[in-house]
$ cat start19.csv   # CSV, C-alpha atoms and all ligand atoms
chain,number,residue,atom,x,y,z
A,1,MET,CA,89.8,-76.0,21.7
A,2,THR,CA,93.0,-77.2,23.3
A,3,THR,CA,95.8,-75.0,24.3
A,4,SER,CA,98.5,-77.6,23.5
A,5,THR,CA,100.2,-78.0,20.1
A,6,PRO,CA,97.6,-79.6,17.8
A,7,GLU,CA,98.0,-83.3,17.3
A,8,PHE,CA,100.7,-83.6,14.7
A,9,THR,CA,100.8,-86.4,12.2
A,10,GLN,CA,103.4,-87.2,9.5
A,11,SER,CA,100.7,-86.9,7.0
A,12,ALA,CA,100.2,-83.2,7.9
A,13,ALA,CA,103.9,-82.6,7.2
A,14,ASP,CA,103.6,-84.5,4.0
A,15,ALA,CA,100.6,-82.5,2.9
A,16,PHE,CA,102.5,-79.2,3.7
A,17,HIS,CA,105.5,-80.3,1.6
A,18,THR,CA,103.3,-81.7,-1.2
A,19,ASP,CA,100.8,-78.8,-1.4
A,20,GLY,CA,103.0,-76.0,-0.2
A,21,PHE,CA,100.4,-74.9,2.3
A,22,LEU,CA,98.4,-76.2,5.3
A,23,ALA,CA,95.6,-74.8,7.5
A,24,PHE,CA,95.2,-75.2,11.2
A,25,PRO,CA,91.7,-73.7,11.8
A,26,GLU,CA,92.0,-73.3,15.6
A,27,LEU,CA,95.5,-72.7,16.8
A,28,PHE,CA,94.9,-69.8,19.3
A,29,THR,CA,92.2,-69.4,22.0
A,30,GLU,CA,89.7,-66.6,21.9
A,31,SER,CA,91.4,-64.8,24.7
A,32,GLU,CA,94.8,-65.1,23.2
A,33,THR,CA,93.5,-63.9,19.8
A,34,ALA,CA,91.8,-60.9,21.5
A,35,ARG,CA,95.0,-59.8,23.1
A,36,TYR,CA,97.0,-60.1,19.9
A,37,ARG,CA,94.2,-58.4,17.9
A,38,GLN,CA,94.3,-55.4,20.3
A,39,ALA,CA,98.1,-55.2,19.9
A,40,ALA,CA,97.7,-55.3,16.1
A,41,GLU,CA,95.1,-52.5,16.3
A,42,ARG,CA,97.4,-50.4,18.4
A,43,ILE,CA,100.4,-50.7,16.1
A,44,ILE,CA,99.0,-50.2,12.6
A,45,ASP,CA,99.2,-46.8,11.1
A,46,PRO,CA,96.8,-45.9,8.3
A,47,ALA,CA,99.7,-43.8,6.8
A,48,ASN,CA,101.5,-47.1,6.0
A,49,HIS,CA,98.8,-48.0,3.5
A,50,ASN,CA,100.4,-49.7,0.5
A,51,ALA,CA,98.1,-48.9,-2.3
A,52,GLN,CA,99.7,-51.4,-4.7
A,53,ILE,CA,98.8,-54.4,-2.6
A,54,GLY,CA,95.8,-52.9,-0.7
A,55,LEU,CA,97.3,-53.4,2.7
A,56,ILE,CA,98.4,-51.5,5.7
A,57,THR,CA,101.7,-53.0,6.7
A,58,THR,CA,104.1,-52.7,9.7
A,59,THR,CA,107.9,-52.8,9.8
A,60,ASP,CA,109.5,-55.1,12.4
A,61,ALA,CA,106.3,-55.2,14.5
A,62,TRP,CA,107.5,-58.4,16.3
A,63,GLU,CA,110.6,-56.5,17.5
A,64,LYS,CA,108.7,-53.3,18.5
A,65,ASP,CA,105.6,-54.6,20.3
A,66,PRO,CA,106.0,-57.1,23.3
A,67,THR,CA,102.6,-58.7,22.8
A,68,LEU,CA,103.2,-59.3,19.1
A,69,ARG,CA,106.7,-60.6,19.9
A,70,GLU,CA,105.0,-63.0,22.3
A,71,LEU,CA,102.8,-64.2,19.4
A,72,ALA,CA,105.8,-64.6,17.0
A,73,LEU,CA,107.6,-66.6,19.6
A,74,HIS,CA,104.6,-68.5,20.8
A,75,PRO,CA,105.7,-72.1,21.6
A,76,ARG,CA,102.6,-73.6,20.1
A,77,LEU,CA,103.2,-71.9,16.8
A,78,GLY,CA,107.0,-72.6,16.8
A,79,THR,CA,106.7,-76.2,17.8
A,80,LEU,CA,104.1,-76.8,15.0
A,81,ALA,CA,106.3,-74.9,12.5
A,82,GLU,CA,109.4,-77.0,13.4
A,83,ARG,CA,107.4,-80.3,13.1
A,84,LEU,CA,106.0,-79.3,9.7
A,85,ALA,CA,109.5,-78.3,8.5
A,86,GLY,CA,111.1,-81.3,10.1
A,87,ARG,CA,114.1,-79.2,11.0
A,88,PRO,CA,115.3,-76.5,13.4
A,89,LEU,CA,114.0,-73.0,12.5
A,90,ARG,CA,114.5,-69.4,13.4
A,91,ILE,CA,112.0,-66.5,13.4
A,92,TRP,CA,112.9,-64.1,10.7
A,93,GLY,CA,110.0,-61.7,10.9
A,94,GLY,CA,106.5,-60.9,12.2
A,95,GLU,CA,104.2,-58.2,10.7
A,96,VAL,CA,100.6,-57.1,10.8
A,97,LEU,CA,98.9,-57.1,7.5
A,98,ALA,CA,95.6,-55.1,7.6
A,99,LYS,CA,93.1,-54.7,4.9
A,100,LYS,CA,90.7,-51.8,5.4
A,101,PRO,CA,86.9,-52.2,5.2
A,102,HIS,CA,85.9,-51.9,1.5
A,103,GLU,CA,89.5,-52.1,0.3
A,104,THR,CA,89.0,-53.0,-3.4
A,105,THR,CA,92.6,-53.9,-4.2
A,106,PRO,CA,93.4,-57.6,-4.0
A,107,SER,CA,96.9,-59.0,-3.5
A,108,HIS,CA,97.4,-60.5,-6.9
A,109,LEU,CA,99.2,-63.8,-7.5
A,110,HIS,CA,102.8,-63.8,-6.2
A,111,ASP,CA,105.3,-65.9,-4.3
A,112,ASP,CA,107.3,-64.6,-1.3
A,113,LEU,CA,110.6,-65.9,-2.5
A,114,VAL,CA,111.0,-63.1,-5.0
A,115,THR,CA,111.6,-60.6,-2.1
A,116,SER,CA,113.3,-62.9,0.3
A,117,LEU,CA,116.7,-61.9,1.6
A,118,LEU,CA,117.8,-65.4,2.6
A,119,ASP,CA,119.7,-68.3,1.4
A,120,SER,CA,117.9,-71.1,3.2
A,121,PRO,CA,116.7,-74.7,2.5
A,122,ILE,CA,113.3,-73.6,3.7
A,123,THR,CA,111.5,-70.4,4.5
A,124,PHE,CA,107.8,-70.2,5.1
A,125,ASN,CA,105.1,-68.0,6.6
A,126,ALA,CA,102.4,-68.6,9.2
A,127,TRP,CA,99.4,-66.3,8.4
A,128,ILE,CA,97.4,-65.9,11.6
A,129,ALA,CA,93.8,-64.6,11.4
A,130,LEU,CA,93.2,-62.0,14.2
A,131,VAL,CA,89.6,-61.5,13.2
A,132,ASP,CA,87.2,-63.8,11.4
A,133,VAL,CA,88.3,-63.8,7.8
A,134,PRO,CA,85.6,-65.1,5.5
A,135,ILE,CA,86.2,-65.1,1.8
A,136,GLU,CA,84.7,-61.6,1.5
A,137,ARG,CA,87.2,-60.1,4.0
A,138,GLY,CA,90.3,-60.9,2.0
A,139,ALA,CA,91.0,-64.6,2.7
A,140,MET,CA,94.2,-66.2,1.3
A,141,THR,CA,94.1,-68.3,-1.8
A,142,PHE,CA,96.8,-70.9,-2.5
A,143,LEU,CA,97.8,-72.8,-5.7
A,144,PRO,CA,98.5,-76.4,-4.3
A,145,GLY,CA,101.8,-77.8,-5.4
A,146,SER,CA,102.8,-74.6,-7.2
A,147,HIS,CA,106.1,-74.3,-5.1
A,148,ARG,CA,107.3,-77.4,-7.0
A,149,ARG,CA,106.9,-75.8,-10.4
A,150,PRO,CA,109.9,-75.9,-12.8
A,151,GLY,CA,112.3,-72.9,-12.9
A,152,PRO,CA,113.3,-70.2,-12.9
A,153,GLU,CA,113.7,-70.7,-9.2
A,154,ARG,CA,113.2,-67.0,-8.5
A,155,VAL,CA,112.5,-64.0,-10.7
A,156,ALA,CA,114.6,-60.9,-10.5
A,157,LEU,CA,113.0,-58.2,-8.4
A,158,ASP,CA,113.0,-55.7,-11.3
A,159,HIS,CA,110.8,-58.1,-13.3
A,160,ILE,CA,108.0,-57.7,-10.9
A,161,GLN,CA,105.2,-55.6,-12.2
A,162,ASP,CA,103.1,-53.5,-9.8
A,163,ASN,CA,100.4,-55.8,-8.4
A,164,THR,CA,98.5,-56.0,-11.6
A,165,PHE,CA,97.1,-58.9,-13.5
A,166,PRO,CA,98.6,-60.9,-15.2
A,167,THR,CA,101.4,-60.8,-12.7
A,168,TYR,CA,105.0,-61.8,-13.2
A,169,MET,CA,103.9,-65.2,-12.1
A,170,VAL,CA,101.7,-65.7,-15.1
A,171,GLU,CA,104.3,-64.1,-17.3
A,172,HIS,CA,107.0,-66.6,-16.2
A,173,TRP,CA,104.8,-69.6,-15.5
A,174,PRO,CA,101.8,-69.3,-17.9
A,175,GLN,CA,100.4,-72.6,-16.6
A,176,LEU,CA,99.6,-71.1,-13.3
A,177,GLU,CA,96.7,-69.2,-14.7
A,178,TRP,CA,94.9,-72.5,-15.1
A,179,HIS,CA,96.1,-74.1,-11.9
A,180,PRO,CA,93.4,-75.1,-9.3
A,181,ARG,CA,93.1,-72.6,-6.4
A,182,ILE,CA,92.1,-73.2,-2.9
A,183,THR,CA,90.7,-70.2,-0.9
A,184,VAL,CA,90.9,-70.7,2.9
A,185,PRO,CA,88.4,-68.7,5.1
A,186,LEU,CA,89.7,-68.7,8.6
A,187,ARG,CA,88.1,-68.0,12.0
A,188,ALA,CA,90.0,-65.7,14.3
A,189,GLY,CA,92.8,-67.7,15.9
A,190,GLY,CA,93.2,-69.9,12.8
A,191,VAL,CA,96.5,-70.2,10.9
A,192,THR,CA,97.7,-71.1,7.4
A,193,PHE,CA,101.3,-72.0,6.7
A,194,HIS,CA,102.7,-71.4,3.2
A,195,HIS,CA,106.0,-72.1,1.6
A,196,ASN,CA,107.7,-69.0,0.2
A,197,ARG,CA,107.6,-70.4,-3.3
A,198,THR,CA,103.9,-71.3,-3.2
A,199,ALA,CA,101.9,-69.1,-5.5
A,200,HIS,CA,99.2,-67.2,-3.5
A,201,ALA,CA,96.9,-64.3,-3.5
A,202,ALA,CA,94.3,-62.6,-1.3
A,203,GLY,CA,91.0,-61.1,-2.2
A,204,PRO,CA,89.7,-57.6,-1.6
A,205,ASN,CA,87.8,-56.8,1.7
A,206,THR,CA,84.2,-56.1,0.7
A,207,THR,CA,83.0,-56.1,4.3
A,208,ASP,CA,82.5,-53.2,6.8
A,209,GLN,CA,85.2,-54.6,9.2
A,210,ILE,CA,88.9,-54.4,8.9
A,211,ARG,CA,90.8,-57.6,8.1
A,212,LEU,CA,93.7,-58.1,10.6
A,213,ALA,CA,96.3,-60.8,10.1
A,214,PHE,CA,99.8,-61.3,11.7
A,215,VAL,CA,102.4,-63.1,9.5
A,216,VAL,CA,105.4,-64.8,11.1
A,217,THR,CA,108.2,-65.8,8.8
A,218,PHE,CA,110.2,-69.0,9.7
A,219,THR,CA,113.5,-70.0,8.1
A,220,ASP,CA,116.1,-72.7,8.6
A,221,ALA,CA,118.3,-72.3,11.6
A,222,THR,CA,121.3,-72.2,9.3
A,223,ALA,CA,120.0,-69.6,6.9
A,224,THR,CA,122.4,-67.0,5.6
A,225,TYR,CA,121.9,-63.4,4.3
A,226,LYS,CA,121.4,-63.1,0.6
A,227,PRO,CA,120.7,-59.6,-0.5
A,228,ILE,CA,118.9,-59.0,-3.8
A,229,PRO,CA,120.7,-56.9,-6.4
A,230,GLY,CA,119.5,-53.4,-5.7
A,231,HIS,CA,117.9,-54.4,-2.4
A,232,ASP,CA,120.4,-54.8,0.5
A,233,PRO,CA,118.7,-53.3,3.5
A,234,LEU,CA,120.2,-55.2,6.5
A,235,PRO,CA,123.6,-54.7,8.2
A,236,MET,CA,124.9,-58.1,7.2
A,237,LYS,CA,127.4,-59.4,4.6
A,238,PRO,CA,126.2,-61.8,1.9
A,239,GLY,CA,126.6,-65.4,3.1
A,240,GLN,CA,126.8,-64.3,6.8
A,241,PRO,CA,124.6,-66.6,9.1
A,242,ILE,CA,121.7,-64.6,10.4
A,243,ASP,CA,122.2,-63.2,13.9
A,244,PRO,CA,121.0,-65.8,16.4
A,245,ASP,CA,120.3,-63.1,19.0
A,246,ARG,CA,118.1,-61.1,16.7
A,247,TYR,CA,116.5,-64.1,15.0
A,248,PRO,CA,115.8,-66.6,17.8
A,249,ARG,CA,115.0,-70.3,17.5
A,250,ALA,CA,111.3,-71.0,16.9
A,251,CYS,CA,111.1,-73.4,19.8
A,252,ASP,CA,113.1,-75.2,22.5
A,253,ARG,CA,113.7,-72.0,24.4
B,1,LIG,C1,97.5,-60.6,2.5
B,1,LIG,O1,97.6,-60.8,3.7
B,1,LIG,O2,96.6,-60.1,1.9
B,1,LIG,C2,98.7,-61.1,1.6
B,1,LIG,C3,99.6,-61.9,2.4
B,1,LIG,C4,100.7,-62.6,1.6
B,1,LIG,O3,100.9,-62.3,0.5
B,1,LIG,O4,101.4,-63.4,2.1
B,2,NI,NI,102.8,-63.2,0.0
$ encode --input "start19.csv" --output "structure tokens"
Amino acid sequence: MTTSTPEFTQSAADAFHTDGFLAFPELFTESETARYRQAAERIIDPANHNAQIGLITTTDAWEKDPTLRELALHPRLGTLAERLAGRPLRIWGGEVLAKKPHETTPSHLHDDLVTSLLDSPITFNAWIALVDVPIERGAMTFLPGSHRRPGPERVALDHIQDNTFPTYMVEHWPQLEWHPRITVPLRAGGVTFHHNRTAHAAGPNTTDQIRLAFVVTFTDATATYKPIPGHDPLPMKPGQPIDPDRYPRACDR
């Protein structure tokens, strides 16, 4: 593979905006991915297992671990993200999402907008596979074009049921139950990008190996803070631009 930003075409950006997701199967080299995987293995704590979604999660891993920060700020990733979005972006977060071997709980259908704390014209995630993720290890599934579904734009947080099926998504948008789905197995070092209103899910891990992914959240450079009623965890005022020192630009550094 190449170590430069993958060749970018306008049709890739168009596909991202039309489908609400896009895969880049080989964004990071084997040696890069091995370093990032080791950092992810070091930082995860089995005590942070979220039984509802079947994941071990981190909090602010990109700010705590220098190697994972390097991944979140990787110029190849940020350049690609800005080209896809067609606008300047900031990095809003970077977390490890681990699914234990034989974890039977899937992540049921959801969108990421429902928990977002931003007022922003665009927010989206890069989901980076740090190990091979075949379908059986908890690969991501996307509903193409579902980010363009009619309103409500976002559902109130207290309307979210615990990761059960049918989820709030099907309750509010019953047509999604019958929407085509694309599941994307990824080799280690591959990435999928998904818009924060794209309906998505991830399967259980039926294999003997842990599934390790690192998720980087990008948002528009002009994004402002928008707490959710009952969920206001950050030291910012509603409408305040997000701190450029804490949330750096995705590229051009
Ligand atoms: C997962 O990694 O299993 C779920 C990630 C997501 O919902 O974005
Ligand atoms: Ni999600």
$ residues_near_ligand --input "start19.csv" --ligand "ligand LIG 1 (chain B)" --cutoff "10 Å" --atoms "all atoms listed in the file" --output "ChimeraX atom specification"
/A:53-57,95-99,105-112,124-129,137-142,193-196,198-205,211-217
$ residues_around --input "start19.csv" --residues "Glu82 (chain A)" --least-positions-apart "2" --cutoff "12 Å" --atoms "all atoms listed in the file" --output "mmCIF file with C-alpha atoms, in the frame of the given file"
data_model
loop_
_atom_site.group_PDB
_atom_site.id
_atom_site.type_symbol
_atom_site.label_atom_id
_atom_site.label_comp_id
_atom_site.auth_asym_id
_atom_site.auth_seq_id
_atom_site.Cartn_x
_atom_site.Cartn_y
_atom_site.Cartn_z
ATOM 1 C CA THR A 5 100.200 -78.000 20.100
ATOM 2 C CA PHE A 8 100.700 -83.600 14.700
ATOM 3 C CA ALA A 13 103.900 -82.600 7.200
ATOM 4 C CA PRO A 75 105.700 -72.100 21.600
ATOM 5 C CA ARG A 76 102.600 -73.600 20.100
ATOM 6 C CA LEU A 77 103.200 -71.900 16.800
ATOM 7 C CA GLY A 78 107.000 -72.600 16.800
ATOM 8 C CA THR A 79 106.700 -76.200 17.800
ATOM 9 C CA LEU A 80 104.100 -76.800 15.000
ATOM 10 C CA LEU A 84 106.000 -79.300 9.700
ATOM 11 C CA ALA A 85 109.500 -78.300 8.500
ATOM 12 C CA GLY A 86 111.100 -81.300 10.100
ATOM 13 C CA ARG A 87 114.100 -79.200 11.000
ATOM 14 C CA PRO A 88 115.300 -76.500 13.400
ATOM 15 C CA LEU A 89 114.000 -73.000 12.500
ATOM 16 C CA ARG A 90 114.500 -69.400 13.400
ATOM 17 C CA ILE A 91 112.000 -66.500 13.400
ATOM 18 C CA ILE A 122 113.300 -73.600 3.700
ATOM 19 C CA THR A 123 111.500 -70.400 4.500
ATOM 20 C CA PHE A 124 107.800 -70.200 5.100
ATOM 21 C CA ALA A 126 102.400 -68.600 9.200
ATOM 22 C CA PHE A 193 101.300 -72.000 6.700
ATOM 23 C CA PHE A 218 110.200 -69.000 9.700
ATOM 24 C CA THR A 219 113.500 -70.000 8.100
ATOM 25 C CA ASP A 220 116.100 -72.700 8.600
ATOM 26 C CA ALA A 221 118.300 -72.300 11.600
ATOM 27 C CA ARG A 249 115.000 -70.300 17.500
ATOM 28 C CA ALA A 250 111.300 -71.000 16.900
ATOM 29 C CA CYS A 251 111.100 -73.400 19.800
ATOM 30 C CA ASP A 252 113.100 -75.200 22.500
#
$ residues_around --input "start19.csv" --residues "region 23-30 of chain A" --least-positions-apart "4" --cutoff "8 Å" --atoms "only C-alpha atoms" --output "VMD selection string"
chain A and resid 1 to 3 5 to 6 34 76 to 77 184 186 to 193
$ closest_residue --input "start19.csv" --among "A:Ile242, A:Gln175, A:Thr115, A:Asp132" --to "ligand NI 2 (chain B)" --atoms "all atoms listed in the file"
A:Thr115
$ closest_residue --input "start19.csv" --among "A:Thr33, A:Thr9, A:Thr18, A:Gln209" --to "Glu136 (chain A)" --atoms "all atoms listed in the file"
A:Gln209
$ closest_residue --input "start19.csv" --among "A:Leu71, A:Val114, A:Leu234, A:Ala51" --to "ligand NI 2 (chain B)" --atoms "all atoms listed in the file"
A:Val114
$ closest_residue --input "start19.csv" --among "A:Leu117, A:Gln10, A:Ile44, A:Gly20" --to "Gly145 (chain A)" --atoms "only C-alpha atoms"
A:Gly20
$ closest_residue --input "start19.csv" --among "A:Phe16, A:Tyr168, A:Trp62, A:Trp178" --to "Ala156 (chain A)" --atoms "all atoms listed in the file"
A:Tyr168
$ closest_residue --input "start19.csv" --among "A:Val170, A:Leu113, A:Ala47, A:Leu118" --to "ligand NI 2 (chain B)" --atoms "all atoms listed in the file"
A:Leu113
$ atom_distance --input "start19.csv" --atom1 "CA of Pro248 (chain A)" --atom2 "CA of Thr222 (chain A)"
11.6 Å
$ residues_around --input "start19.csv" --residues "Arg69 (chain A)" --least-positions-apart "5" --cutoff "10 Å" --atoms "all atoms listed in the file" --output "ChimeraX atom specification"
/A:36,60-64,74,93-95,216
$ residues_around --input "start19.csv" --residues "Pro150 (chain A)" --least-positions-apart "3" --cutoff "9 Å" --atoms "only C-alpha atoms" --output "PyMOL selection string"
chain A and resi 147+153+173
$ atom_distance --input "start19.csv" --atom1 "CA of Pro185 (chain A)" --atom2 "CA of His172 (chain A)"
28.4 Å
$ atom_distance --input "start19.csv" --atom1 "CA of Glu41 (chain A)" --atom2 "CA of Pro101 (chain A)"
13.8 Å
$ residues_around --input "start19.csv" --residues "Ser146 (chain A)" --least-positions-apart "2" --cutoff "8 Å" --atoms "only C-alpha atoms" --output "VMD selection string"
chain A and resid 19 to 20 143 to 144 148 to 149 176 197 to 199
